[in-house]
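A.B. asks: Sending over upload.cif (mmCIF, C-alpha atoms).
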data_protein
loop_
_atom_site.label_atom_id
_atom_site.label_comp_id
_atom_site.auth_asym_id
_atom_site.auth_seq_id
_atom_site.Cartn_x
_atom_site.Cartn_y
_atom_site.Cartn_z
CA MET A 590 53.72 27.47 -27.47
CA ASN A 591 51.60 24.32 -27.30
CA GLU A 592 48.89 25.31 -29.73
CA GLU A 593 48.62 25.83 -33.43
CA ARG A 594 48.55 29.45 -34.51
CA ILE A 595 47.82 31.25 -37.77
CA ILE A 596 49.11 34.80 -38.21
CA PHE A 597 48.16 37.22 -41.01
CA ARG A 598 51.02 39.51 -42.02
CA ASN A 599 50.57 42.40 -44.47
CA ILE A 600 53.77 42.44 -46.53
CA THR A 601 52.68 45.02 -49.13
CA SER A 602 55.42 47.49 -48.21
CA ASN A 603 58.06 44.74 -48.58
CA ALA A 604 56.68 43.35 -51.84
CA HIS A 605 58.55 43.76 -55.11
CA PRO A 606 57.31 46.88 -56.98
CA CYS A 607 56.09 44.79 -59.93
CA LEU A 608 53.53 43.14 -57.62
CA THR A 609 51.79 46.34 -56.59
CA PRO A 610 49.15 47.83 -56.50
CA GLU A 611 47.79 44.59 -55.03
CA LEU A 612 47.94 44.14 -51.29
CA GLN A 613 50.16 41.22 -50.43
CA TRP A 614 49.45 39.06 -47.38
CA GLN A 615 51.53 36.26 -45.95
CA VAL A 616 49.47 33.90 -43.84
CA GLU A 617 51.69 31.87 -41.52
CA PHE A 618 50.97 28.57 -39.76
CA TYR A 619 52.90 27.84 -36.58
CA GLY A 620 52.55 24.26 -35.36
CA SER A 621 52.22 23.01 -31.82
CA ARG A 622 55.96 22.28 -31.78
CA TYR A 623 57.08 25.90 -32.10
CA ARG A 624 60.50 26.25 -33.73
CA GLY A 625 60.66 30.00 -34.28
CA PHE A 626 59.42 29.98 -37.86
CA PRO A 627 56.21 29.01 -39.64
CA VAL A 628 55.89 25.48 -41.04
CA GLY A 629 53.29 26.56 -43.59
CA LEU A 630 52.66 29.73 -45.60
CA ALA A 631 49.98 31.04 -47.92
CA TRP A 632 50.38 34.17 -50.05
CA VAL A 633 47.18 36.07 -50.71
CA ASN A 634 46.88 38.82 -53.31
CA VAL A 635 44.12 41.38 -52.74
CA PRO A 636 43.63 43.50 -55.88
CA PRO A 637 42.38 47.07 -55.45
CA ALA A 638 38.59 47.54 -55.61
CA GLN A 639 38.76 49.23 -59.01
CA ALA A 640 40.31 46.07 -60.49
CA ASN A 641 36.98 44.25 -59.99
CA MET A 642 38.79 41.05 -58.98
CA ALA A 643 38.38 38.93 -55.90
CA PRO A 644 41.32 38.16 -53.57
CA TYR A 645 43.13 34.95 -54.46
CA ILE A 646 45.70 32.60 -53.00
CA ALA A 647 48.81 32.65 -55.18
CA PHE A 648 50.83 29.98 -53.35
CA VAL A 649 50.63 27.58 -50.43
CA LEU A 650 53.86 26.14 -49.09
CA VAL A 651 54.21 23.51 -46.37
CA GLU A 652 57.49 22.26 -44.96
CA ASP A 653 58.19 18.72 -46.22
CA GLN A 654 58.18 16.98 -42.82
CA GLU A 655 54.92 18.73 -41.87
CA ARG A 656 52.89 17.48 -44.83
CA ARG A 657 49.76 15.35 -44.48
CA ARG A 658 48.77 17.18 -41.29
CA ARG A 659 46.07 19.36 -42.93
CA ILE A 660 48.20 22.50 -42.60
CA ALA A 661 47.45 23.68 -46.15
CA THR A 662 43.74 23.04 -45.57
CA LYS A 663 43.83 25.04 -42.32
CA LEU A 664 45.64 27.92 -44.03
CA ILE A 665 43.12 28.01 -46.87
CA GLN A 666 40.18 27.91 -44.46
CA ALA A 667 41.64 30.77 -42.40
CA CYS A 668 42.07 32.77 -45.62
CA ARG A 669 38.49 32.01 -46.67
CA ASP A 670 37.30 33.19 -43.25
CA ALA A 671 39.21 36.47 -43.70
CA TRP A 672 38.20 36.97 -47.36
CA PRO A 673 34.82 35.25 -48.01
CA ASN A 674 35.05 35.92 -51.78
CA LEU A 675 38.54 34.38 -51.98
CA TRP A 676 39.25 32.07 -54.89
CA LEU A 677 42.02 29.59 -55.60
CA THR A 678 44.25 29.31 -58.64
CA ASP A 679 44.94 25.91 -60.19
CA GLY A 680 47.37 23.51 -58.53
CA VAL A 681 50.79 23.15 -60.17
CA THR A 682 52.03 20.02 -58.39
CA VAL A 683 50.45 16.63 -57.80
CA ALA A 684 50.07 17.52 -54.12
CA GLY A 685 48.52 20.91 -54.99
CA LYS A 686 46.03 19.32 -57.37
CA ALA A 687 45.10 16.69 -54.77
CA LEU A 688 44.61 19.45 -52.19
CA LEU A 689 42.29 21.34 -54.53
CA ALA A 690 40.33 18.18 -55.29
CA SER A 691 39.81 17.63 -51.56
CA LEU A 692 38.59 21.22 -51.12
CA ASP A 693 36.33 21.30 -54.16
CA GLN A 694 33.26 20.03 -52.31
CA GLY A 695 30.84 21.45 -54.86
CA GLU A 696 33.15 24.27 -55.97
CA ALA A 697 33.86 24.00 -59.68
CA VAL A 698 37.31 25.00 -60.89
CA GLY A 699 35.66 27.51 -63.24
CA ALA A 700 34.07 29.19 -60.23
CA ARG A 701 37.52 30.30 -59.11
CA GLN A 702 37.20 33.47 -61.20
CA SER A 703 36.56 36.98 -60.01
CA GLU A 704 33.14 38.57 -60.29
CA GLY A 705 34.38 40.45 -63.33
CA GLY A 706 35.13 37.16 -65.09
CA GLN A 707 38.86 37.80 -65.24
CA GLU A 708 41.23 35.18 -64.04
CA ALA A 709 44.01 36.35 -61.76
CA GLU A 710 47.60 35.44 -62.42
CA GLY A 711 49.53 33.08 -60.16
CA ASP A 712 49.44 29.44 -59.23
CA MET A 713 48.27 27.65 -56.13
CA SER A 714 51.12 25.39 -55.21
CA GLU A 715 52.03 23.23 -52.30
CA HIS A 716 55.82 23.43 -52.58
CA ARG A 717 57.78 20.23 -53.16
#
Please express what this file holds, its structure, as structure tokens.
C.D. replies:
Amino acid sequence: MNEERIIFRNITSNAHPCLTPELQWQVEFYGSRYRGFPVGLAWVNVPPAQANMAPYIAFVLVEDQERRRRIATKLIQACRDAWPNLWLTDGVTVAGKALLASLDQGEAVGARQSEGGQEAEGDMSEHR
């Protein structure tokens, strides 16, 4: 495989029971140097329609040696393409906060809430 690839995997049936009834998605980034496993992951929670909450990214993880290659940015953009009303939780690491700052082009942190005004639980993190 000589190209980057992003795969969306519905993991709802494998998710821990305390996480349901939200749909759980794992979005995987495979780099151009394919090694059999993704080098970046994003977990997206999609609450049921009756919850009146937008989908949100709970975590973003990028393998240490693959950082600074815009993998997290590509994952987030692919998720935004799939879920246009997607919002992001706050960063929990220095790298996560820097990533959010780079993505915020006009998007206020307060605008990361659902239409119903409720904030979803979870943190957007680029794992260290």
A.B. asks: Given only C-alpha atoms as the basis, pick out the residue of A:Asn674, A:Gln639, A:Thr682, A:Asn599 nearest to Glu617 (chain A).
C.D. replies: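 That would be A:Asn599, the residue with the smallest distance to Glu617 (chain A).
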A.B. asks: Identify, on the basis of only C-alpha atoms, every residue whose closest approach to Phe618 (chain A) does not exceed 9 Å; exclude the query and any residue fewer than 2 positions from it along the same chain; express the result as a PyMOL selection string.
C.D. replies: chain A and resi 593-596+616+620+626-631+651+660-661+663-664
A.B. asks: Name the residues within 10 Å of (47.0, 35.5, -54.4), counting only C-alpha atoms in the file's coordinates, and put them as a list of chain:residue names.
C.D. replies: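 So the residues meeting the distance criterion are A:Glu611, A:Leu612, A:Gln613, A:Trp614, A:Gln615, A:Ala631, A:Trp632, A:Val633, A:Asn634, A:Val635, A:Pro636, A:Ala643, A:Pro644, A:Tyr645, A:Ile646, A:Ala647, A:Phe648, A:Val649, A:Leu675, A:Trp676, A:Leu677, A:Thr678, A:Ala709, A:Glu710, A:Gly711, A:Asp712, A:Met713.
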A.B. asks: Can you spit out the residues from that selection as an mmCIF file, keeping the file's coordinate frame, using C-alpha atoms?
C.D. replies:
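Writing done, so here's selection02.cif:
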data_model
loop_
_atom_site.group_PDB
_atom_site.id
_atom_site.type_symbol
_atom_site.label_atom_id
_atom_site.label_comp_id
_atom_site.auth_asym_id
_atom_site.auth_seq_id
_atom_site.Cartn_x
_atom_site.Cartn_y
_atom_site.Cartn_z
ATOM 1 C CA GLU A 611 47.790 44.590 -55.030
ATOM 2 C CA LEU A 612 47.940 44.140 -51.290
ATOM 3 C CA GLN A 613 50.160 41.220 -50.430
ATOM 4 C CA TRP A 614 49.450 39.060 -47.380
ATOM 5 C CA GLN A 615 51.530 36.260 -45.950
ATOM 6 C CA ALA A 631 49.980 31.040 -47.920
ATOM 7 C CA TRP A 632 50.380 34.170 -50.050
ATOM 8 C CA VAL A 633 47.180 36.070 -50.710
ATOM 9 C CA ASN A 634 46.880 38.820 -53.310
ATOM 10 C CA VAL A 635 44.120 41.380 -52.740
ATOM 11 C CA PRO A 636 43.630 43.500 -55.880
ATOM 12 C CA ALA A 643 38.380 38.930 -55.900
ATOM 13 C CA PRO A 644 41.320 38.160 -53.570
ATOM 14 C CA TYR A 645 43.130 34.950 -54.460
ATOM 15 C CA ILE A 646 45.700 32.600 -53.000
ATOM 16 C CA ALA A 647 48.810 32.650 -55.180
ATOM 17 C CA PHE A 648 50.830 29.980 -53.350
ATOM 18 C CA VAL A 649 50.630 27.580 -50.430
ATOM 19 C CA LEU A 675 38.540 34.380 -51.980
ATOM 20 C CA TRP A 676 39.250 32.070 -54.890
ATOM 21 C CA LEU A 677 42.020 29.590 -55.600
ATOM 22 C CA THR A 678 44.250 29.310 -58.640
ATOM 23 C CA ALA A 709 44.010 36.350 -61.760
ATOM 24 C CA GLU A 710 47.600 35.440 -62.420
ATOM 25 C CA GLY A 711 49.530 33.080 -60.160
ATOM 26 C CA ASP A 712 49.440 29.440 -59.230
ATOM 27 C CA MET A 713 48.270 27.650 -56.130
#
A.B. asks: Can you tell me how far CA of Arg657 (chain A) sits from CA of Arg624 (chain A), in Å to one decimal?
C.D. replies: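 Going from CA of Arg657 (chain A) over to CA of Arg624 (chain A), I get 18.7 Å.
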A.B. asks: Calculate how many Å separate CA of Pro637 (chain A) from CA of Val681 (chain A), rounding to one decimal.
C.D. replies: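 One can read the CA of Pro637 (chain A) to CA of Val681 (chain A) distance as 25.8 Å.
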A.B. asks: What does the structure give for the distance between CA of Tyr619 (chain A) and CA of Glu592 (chain A), in Å to one decimal?
C.D. replies: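 Separation between CA of Tyr619 (chain A) and CA of Glu592 (chain A): 8.3 Å.
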A.B. asks: Between A:Ser602, A:Asn641, A:Gln666, A:Asn591, which is the closest to Ser621 (chain A) once you count only C-alpha atoms?
C.D. replies: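 Of all the options, A:Asn591 lies closest to Ser621 (chain A).
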A.B. asks: Once 6 Å is added on each side, what centre and edge lengths in Å to one decimal does the axis-aligned box around all listed atoms of region 639-657 of chain A have, as JSON?
C.D. replies:
{"center_x": 47.6, "center_y": 32.3, "center_z": -51.2, "size_x": 33.2, "size_y": 45.9, "size_z": 30.6}
